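Participant: What follows is the file run-v6.cif, containing mmCIF, C-alpha atoms:
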data_work
#
loop_
_atom_site.label_atom_id
_atom_site.label_comp_id
_atom_site.auth_asym_id
_atom_site.auth_seq_id
_atom_site.Cartn_x
_atom_site.Cartn_y
_atom_site.Cartn_z
CA MET Z 23 -17.49 -1.95 15.71
CA SER Z 24 -19.58 0.86 17.22
CA ASN Z 25 -20.93 3.75 15.15
CA THR Z 26 -18.62 6.22 16.92
CA ASN Z 27 -15.52 4.15 16.10
CA HIS Z 28 -16.71 3.73 12.53
CA SER Z 29 -17.17 7.51 12.15
CA ILE Z 30 -13.76 8.25 13.71
CA PHE Z 31 -12.09 5.69 11.46
CA SER Z 32 -13.77 7.12 8.35
CA GLY Z 33 -12.65 10.61 9.42
CA LEU Z 34 -9.08 9.38 9.92
CA LYS Z 35 -9.13 7.79 6.45
CA ILE Z 36 -10.06 11.17 4.94
CA VAL Z 37 -7.38 12.96 6.99
CA ALA Z 38 -4.74 10.42 5.86
CA TRP Z 39 -5.72 10.95 2.21
CA VAL Z 40 -5.65 14.76 2.59
CA ILE Z 41 -2.17 14.61 4.18
CA PHE Z 42 -0.97 12.20 1.48
CA ILE Z 43 -2.22 14.46 -1.34
CA GLY Z 44 -0.68 17.50 0.39
CA LEU Z 45 2.68 15.75 0.70
CA CYS Z 46 2.53 14.61 -2.94
CA ILE Z 47 1.91 18.21 -4.02
CA GLU Z 48 4.80 19.38 -1.85
CA ALA Z 49 7.18 16.70 -3.17
CA GLY Z 50 6.11 17.35 -6.77
CA SER Z 51 6.51 21.11 -6.41
CA LEU Z 52 9.96 20.70 -4.86
CA ILE Z 53 11.02 18.45 -7.76
CA LEU Z 54 9.69 21.10 -10.17
CA ASN Z 55 11.58 23.76 -8.22
CA PHE Z 56 14.76 21.73 -8.59
CA ILE Z 57 14.24 21.17 -12.32
CA PHE Z 58 13.54 24.87 -12.90
CA SER Z 59 16.51 25.91 -10.77
CA MET Z 60 18.67 23.83 -13.15
CA VAL Z 61 17.00 24.84 -16.42
CA ASN Z 62 15.53 28.30 -15.86
CA PRO Z 63 16.42 29.75 -12.43
CA ASP Z 64 14.52 33.03 -13.05
CA MET Z 65 11.21 31.11 -12.92
CA VAL Z 66 11.82 29.74 -9.41
CA GLY Z 67 10.49 32.91 -7.74
CA ASP Z 68 7.06 32.30 -9.32
CA LEU Z 69 6.78 28.68 -8.21
CA TYR Z 70 5.25 27.12 -5.09
CA GLN Z 71 7.68 27.20 -2.13
CA LYS Z 72 9.87 29.76 -4.00
CA LEU Z 73 12.90 27.75 -2.99
CA ASP Z 74 15.51 29.91 -4.65
CA LEU Z 75 18.97 28.61 -3.79
CA ARG Z 76 20.81 30.34 -6.65
CA GLU Z 77 23.12 32.20 -4.28
CA LEU Z 78 24.05 28.95 -2.59
CA ARG Z 79 24.73 27.35 -5.97
CA GLU Z 80 26.94 30.24 -7.06
CA GLU Z 81 28.98 29.85 -3.87
CA SER Z 82 29.16 26.06 -3.86
CA GLU Z 83 27.69 23.46 -6.20
CA TRP Z 84 28.33 20.75 -3.58
CA ALA Z 85 26.32 22.61 -0.91
CA PHE Z 86 23.48 23.29 -3.38
CA PHE Z 87 23.13 19.68 -4.56
CA SER Z 88 23.53 18.16 -1.11
CA MET Z 89 20.88 20.48 0.38
CA TYR Z 90 18.48 19.90 -2.49
CA SER Z 91 18.95 16.12 -2.47
CA ILE Z 92 18.21 15.96 1.27
CA ILE Z 93 15.14 18.21 0.90
CA LEU Z 94 13.80 16.11 -2.01
CA SER Z 95 14.52 12.84 -0.21
CA ILE Z 96 12.64 14.00 2.90
CA ALA Z 97 9.65 15.11 0.81
CA VAL Z 98 9.50 11.83 -1.14
CA VAL Z 99 9.95 9.66 1.97
CA LYS Z 100 7.16 11.54 3.80
CA ALA Z 101 4.84 11.18 0.79
CA HIS Z 102 5.57 7.44 0.55
CA LEU Z 103 5.09 7.07 4.29
CA PHE Z 104 1.57 8.49 4.04
CA TYR Z 105 0.91 6.38 0.93
CA ILE Z 106 1.49 3.29 3.11
CA VAL Z 107 -0.76 4.80 5.80
CA THR Z 108 -3.60 5.32 3.30
CA GLN Z 109 -3.17 1.80 1.90
CA MET Z 110 -3.20 0.33 5.39
CA MET Z 111 -6.36 2.24 6.31
CA GLN Z 112 -8.05 1.00 3.12
CA LYS Z 113 -7.20 -2.63 3.80
CA ILE Z 114 -7.55 -2.91 7.57
CA ASP Z 115 -10.67 -4.65 8.86
CA LEU Z 116 -11.28 -3.44 12.41
CA ALA Z 117 -13.43 -6.47 13.17
CA LYS Z 118 -10.44 -8.74 12.45
CA PRO Z 119 -7.35 -6.49 12.29
CA PHE Z 120 -4.56 -8.98 12.94
CA ASN Z 121 -3.20 -10.08 9.58
CA ARG Z 122 0.26 -10.31 8.05
CA LEU Z 123 -0.28 -7.51 5.51
CA VAL Z 124 -1.28 -4.90 8.09
CA SER Z 125 1.54 -6.02 10.38
CA LYS Z 126 4.04 -5.59 7.53
CA GLN Z 127 2.63 -2.16 6.67
CA ILE Z 128 2.89 -0.95 10.27
CA SER Z 129 6.55 -2.06 10.30
CA GLN Z 130 7.14 -0.23 7.02
CA ILE Z 131 5.57 2.93 8.46
CA SER Z 132 8.03 2.82 11.35
CA TYR Z 133 11.00 2.36 8.97
CA TYR Z 134 9.92 5.24 6.74
CA ALA Z 135 9.25 7.49 9.75
CA LEU Z 136 12.76 6.69 11.00
CA ALA Z 137 14.19 7.43 7.54
CA ALA Z 138 12.36 10.78 7.42
CA GLY Z 139 13.59 11.63 10.92
CA LEU Z 140 17.21 10.69 10.20
CA LEU Z 141 17.21 12.54 6.87
CA SER Z 142 15.81 15.63 8.61
CA TYR Z 143 18.49 15.34 11.29
CA LEU Z 144 21.18 14.92 8.62
CA GLY Z 145 19.81 17.95 6.78
CA ARG Z 146 19.83 20.08 9.90
CA GLN Z 147 23.40 19.13 10.79
CA SER Z 148 24.57 19.71 7.19
CA ALA Z 149 22.83 23.11 7.11
CA ARG Z 150 24.56 24.05 10.39
CA ASN Z 151 27.92 23.05 8.93
CA PHE Z 152 27.29 25.11 5.81
CA GLU Z 153 26.14 28.07 7.92
CA HIS Z 154 29.41 27.88 9.86
CA LYS Z 155 31.17 28.22 6.52
CA GLY Z 156 29.20 31.40 5.83
CA PHE Z 157 26.32 30.12 3.65
CA GLU Z 158 22.85 31.62 4.10
CA LEU Z 159 20.34 28.76 4.64
CA ASP Z 160 17.40 30.33 6.52
CA ALA Z 161 15.04 29.53 3.62
CA VAL Z 162 15.40 25.78 4.11
CA SER Z 163 15.42 25.51 7.92
CA HIS Z 164 11.71 24.58 8.12
CA PHE Z 165 12.34 21.33 6.18
CA TRP Z 166 14.05 19.72 9.19
CA ALA Z 167 12.07 21.28 11.99
CA ASP Z 168 10.36 17.99 12.95
CA SER Z 169 13.25 15.48 12.87
CA GLN Z 170 12.95 14.50 16.55
CA ALA Z 171 9.17 14.09 16.26
CA PHE Z 172 9.63 11.65 13.37
CA ILE Z 173 12.31 9.64 15.19
CA LEU Z 174 10.09 9.42 18.29
CA MET Z 175 7.10 8.46 16.13
CA ALA Z 176 9.21 5.74 14.47
CA ALA Z 177 10.16 4.30 17.87
CA VAL Z 178 6.53 4.25 19.09
CA ILE Z 179 5.22 2.71 15.85
CA TYR Z 180 8.01 0.10 15.90
CA VAL Z 181 6.88 -1.03 19.36
CA ILE Z 182 3.26 -1.15 18.11
CA ALA Z 183 4.45 -3.17 15.07
CA ILE Z 184 6.13 -5.74 17.33
CA ILE Z 185 2.99 -6.04 19.50
CA PHE Z 186 0.86 -6.33 16.35
CA SER Z 187 3.11 -9.06 14.94
CA LYS Z 188 2.70 -11.01 18.20
CA GLY Z 189 -1.07 -10.51 17.91
CA VAL Z 190 -0.99 -11.99 14.40
CA ASP Z 191 0.91 -15.04 15.72
CA TYR Z 192 -1.67 -15.55 18.48
CA GLN Z 193 -4.59 -15.17 16.08
CA GLU Z 194 -3.09 -17.67 13.62
CA GLU Z 195 -2.51 -20.13 16.44
CA LEU Z 196 -6.08 -19.67 17.61
CA GLU Z 197 -7.38 -20.23 14.09
CA GLU Z 198 -5.43 -23.50 13.85
CA THR Z 199 -6.76 -24.81 17.15
CA VAL Z 200 -9.74 -27.16 17.07
CA MET N 30 4.77 -34.26 12.12
CA ALA N 31 5.73 -35.86 15.44
CA ILE N 32 2.13 -36.28 16.59
CA ILE N 33 0.00 -38.59 14.44
CA VAL N 34 -3.79 -38.27 14.57
CA ASN N 35 -5.56 -41.64 14.35
CA LEU N 36 -9.08 -40.24 14.35
CA ASP N 37 -9.97 -41.95 11.08
CA VAL N 38 -8.93 -45.33 12.53
CA MET N 39 -11.15 -44.88 15.59
CA MET N 40 -14.03 -43.64 13.44
CA ALA N 41 -13.71 -46.72 11.23
CA LYS N 42 -13.66 -49.01 14.32
CA ARG N 43 -16.85 -47.35 15.64
CA LYS N 44 -18.33 -47.21 12.12
CA MET N 45 -19.00 -43.50 12.48
CA SER N 46 -18.94 -40.93 9.70
CA LEU N 47 -17.34 -37.49 9.96
CA ASN N 48 -20.76 -35.85 9.65
CA GLU N 49 -22.15 -37.86 12.54
CA LEU N 50 -19.12 -37.18 14.72
CA SER N 51 -19.31 -33.48 13.85
CA GLU N 52 -22.93 -33.31 15.04
CA LYS N 53 -22.25 -35.26 18.23
CA VAL N 54 -19.14 -33.35 19.37
CA ASN N 55 -20.48 -29.98 18.18
CA VAL N 56 -17.37 -29.14 16.12
CA SER N 57 -17.66 -27.94 12.54
CA LEU N 58 -17.10 -30.43 9.73
CA ALA N 59 -14.25 -28.31 8.35
CA ASN N 60 -12.40 -28.25 11.68
CA LEU N 61 -12.94 -31.96 12.26
CA SER N 62 -11.66 -32.69 8.76
CA LYS N 63 -8.53 -30.61 9.51
CA LEU N 64 -8.06 -32.55 12.74
CA LYS N 65 -8.44 -35.87 10.92
CA THR N 66 -5.80 -34.94 8.35
CA GLY N 67 -3.43 -33.51 10.98
CA LYS N 68 -3.57 -29.97 9.64
CA VAL N 69 -4.14 -28.31 13.03
CA LYS N 70 -1.58 -26.90 15.45
CA ALA N 71 -3.48 -27.64 18.65
CA ILE N 72 -6.54 -29.37 20.06
CA ARG N 73 -8.55 -28.09 23.04
CA PHE N 74 -9.06 -30.45 26.00
CA SER N 75 -12.82 -29.84 25.64
CA THR N 76 -12.74 -31.07 22.02
CA LEU N 77 -10.59 -34.07 22.90
CA ASN N 78 -12.91 -34.90 25.79
CA ALA N 79 -15.99 -34.72 23.53
CA VAL N 80 -14.38 -36.89 20.83
CA CYS N 81 -13.26 -39.49 23.39
CA GLU N 82 -16.74 -39.61 24.94
CA VAL N 83 -18.48 -40.06 21.58
CA LEU N 84 -15.98 -42.63 20.25
CA ASP N 85 -15.71 -44.32 23.67
CA CYS N 86 -11.91 -44.33 23.64
CA GLN N 87 -8.84 -42.83 25.32
CA PRO N 88 -6.82 -39.81 24.04
CA GLY N 89 -3.97 -42.22 23.30
CA ASP N 90 -6.22 -44.06 20.84
CA ILE N 91 -6.57 -40.86 18.80
CA LEU N 92 -3.14 -39.27 19.25
CA GLU N 93 0.16 -41.07 18.81
CA HIS N 94 3.74 -39.82 19.07
CA SER N 95 6.25 -40.72 16.38
CA ASP N 96 10.00 -40.08 16.30
CA GLN N 97 9.90 -39.50 12.56
CA GLU N 98 9.28 -35.95 11.40
#
As a first step, turn the structure in this file into structure tokens.
Facilitator:
Amino acid sequence: MSNTNHSIFSGLKIVAWVIFIGLCIEAGSLILNFIFSMVNPDMVGDLYQKLDLRELREESEWAFFSMYSIILSIAVVKAHLFYIVTQMMQKIDLAKPFNRLVSKQISQISYYALAAGLLSYLGRQSARNFEHKGFELDAVSHFWADSQAFILMAAVIYVIAIIFSKGVDYQEELEETV
Amino acid sequence: MAIIVNLDVMMAKRKMSLNELSEKVNVSLANLSKLKTGKVKAIRFSTLNAVCEVLDCQPGDILEHSDQE
């Protein structure tokens, strides 16, 4: 592997870790927000994200819990997705990249990206439905802004995963040829 | 396996050790050992050609098809 590729790969590793830590902080803060909104709603205004959905809860418990569960699920799925990315980047050997573990991790990345995209889409449609019924949900609209991007990313990564899996088969066959 | 490798039989007939064969056909001892025990999926024509030349035999003397799995 050339020095340029090595530097780019090291840079990407750092970026993946930064994104993963950022998503963990976001998911953790949203869980804290949820806990405080159940236990002590007055504190929510002082927390990260300031996701105060008290008005929504007063109008409908069902809307409040469904919105919060979708938001938390998206945050956790995105954090786990980048956890797999960081693990894959730690374990991949660019000199000999085709192995079963990396192939499995690329497939998992595509599944989690699809899950994040579908959850975002579900959240957006649910928010629209609730808005039609008169609920105010502007504060949460940014959580599902990138649903199509995630679905598209999942499709592209899935194709890469299939190609990678074929590569692993070829490499194994080559290794077992004398 | 449907294909049986009789390399050990031919080696015994020619009184040749695995080390000697490995040096003459330029294939590693580990790979030749795998071939002898039938643990490989494929064999290159170049390898088969080299083995046949060194052992002075035909491919059919080394490889045999069996109906039994």
Participant: Selection in question (the file shown): the PyMOL selection byres ((chain N) within 9 of (chain Z)). Which residues does it include, as a list in words?
Facilitator: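 Output of the PyMOL selection byres ((chain N) within 9 of (chain Z)): Val56, Asn60, Leu61, Lys63, Leu64, Lys68, Val69, Lys70, Ala71, Ile72, Arg73 and Thr76 of chain N.
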Participant: On this structure, the PyMOL selection byres ((chain N and resi 84-86) around 12) would catch which residues? List them as a ChimeraX atom specification, sorted by chain and number.
Facilitator: /N:35-47,49-51,53-54,77-83,87-92
Participant: Please, which residues are within 12 Å of (-15.3, 3.8, 8.6) by the file's coordinates, counting only C-alpha atoms, and could they come as a PDB file with C-alpha atoms, keeping the file's coordinate frame?
Facilitator:
ATOM      1  CA  MET Z  23     -17.490  -1.950  15.710  1.00  0.00           C
ATOM      2  CA  SER Z  24     -19.580   0.860  17.220  1.00  0.00           C
ATOM      3  CA  ASN Z  25     -20.930   3.750  15.150  1.00  0.00           C
ATOM      4  CA  THR Z  26     -18.620   6.220  16.920  1.00  0.00           C
ATOM      5  CA  ASN Z  27     -15.520   4.150  16.100  1.00  0.00           C
ATOM      6  CA  HIS Z  28     -16.710   3.730  12.530  1.00  0.00           C
ATOM      7  CA  SER Z  29     -17.170   7.510  12.150  1.00  0.00           C
ATOM      8  CA  ILE Z  30     -13.760   8.250  13.710  1.00  0.00           C
ATOM      9  CA  PHE Z  31     -12.090   5.690  11.460  1.00  0.00           C
ATOM     10  CA  SER Z  32     -13.770   7.120   8.350  1.00  0.00           C
ATOM     11  CA  GLY Z  33     -12.650  10.610   9.420  1.00  0.00           C
ATOM     12  CA  LEU Z  34      -9.080   9.380   9.920  1.00  0.00           C
ATOM     13  CA  LYS Z  35      -9.130   7.790   6.450  1.00  0.00           C
ATOM     14  CA  ILE Z  36     -10.060  11.170   4.940  1.00  0.00           C
ATOM     15  CA  MET Z 111      -6.360   2.240   6.310  1.00  0.00           C
ATOM     16  CA  GLN Z 112      -8.050   1.000   3.120  1.00  0.00           C
ATOM     17  CA  LYS Z 113      -7.200  -2.630   3.800  1.00  0.00           C
ATOM     18  CA  ILE Z 114      -7.550  -2.910   7.570  1.00  0.00           C
ATOM     19  CA  ASP Z 115     -10.670  -4.650   8.860  1.00  0.00           C
ATOM     20  CA  LEU Z 116     -11.280  -3.440  12.410  1.00  0.00           C
ATOM     21  CA  ALA Z 117     -13.430  -6.470  13.170  1.00  0.00           C
TER      22      ALA Z 117
END
Participant: Which residue is closest to Z:Asn55? Choose from Z:Leu78, Z:Ala85, Z:Leu94, Z:Ala183 and count only C-alpha atoms.
Facilitator: Z:Leu94
Participant: Between atom CA of Z:Ser82 and atom CA of Z:Gly50, what is the spacing in Å?
Facilitator: 24.8 Å
Participant: Which one of Z:Phe172, Z:Phe42, Z:Phe186, Z:Tyr90 sits closest to Z:Ser125 if you count all atoms listed in the file?
Facilitator: Z:Phe186
Participant: I'd like to know which of Z:Val37, Z:Asp68, Z:Ala177, Z:Leu103 is closest to Z:Gln127, using only C-alpha atoms.
Facilitator: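 Closest to Z:Gln127, using only C-alpha atoms: Z:Leu103.
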Participant: So what do you get for atom CA of Z:Gln109 versus atom CA of Z:Gly139, distance-wise?
Facilitator: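 Here the two named atoms are 21.4 Å from each other.
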Participant: Which distance in Å separates atom CA of Z:Glu158 and atom CA of Z:Leu69, to one decimal?
Facilitator: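 Computing it gives 20.5 Å between the two atoms.
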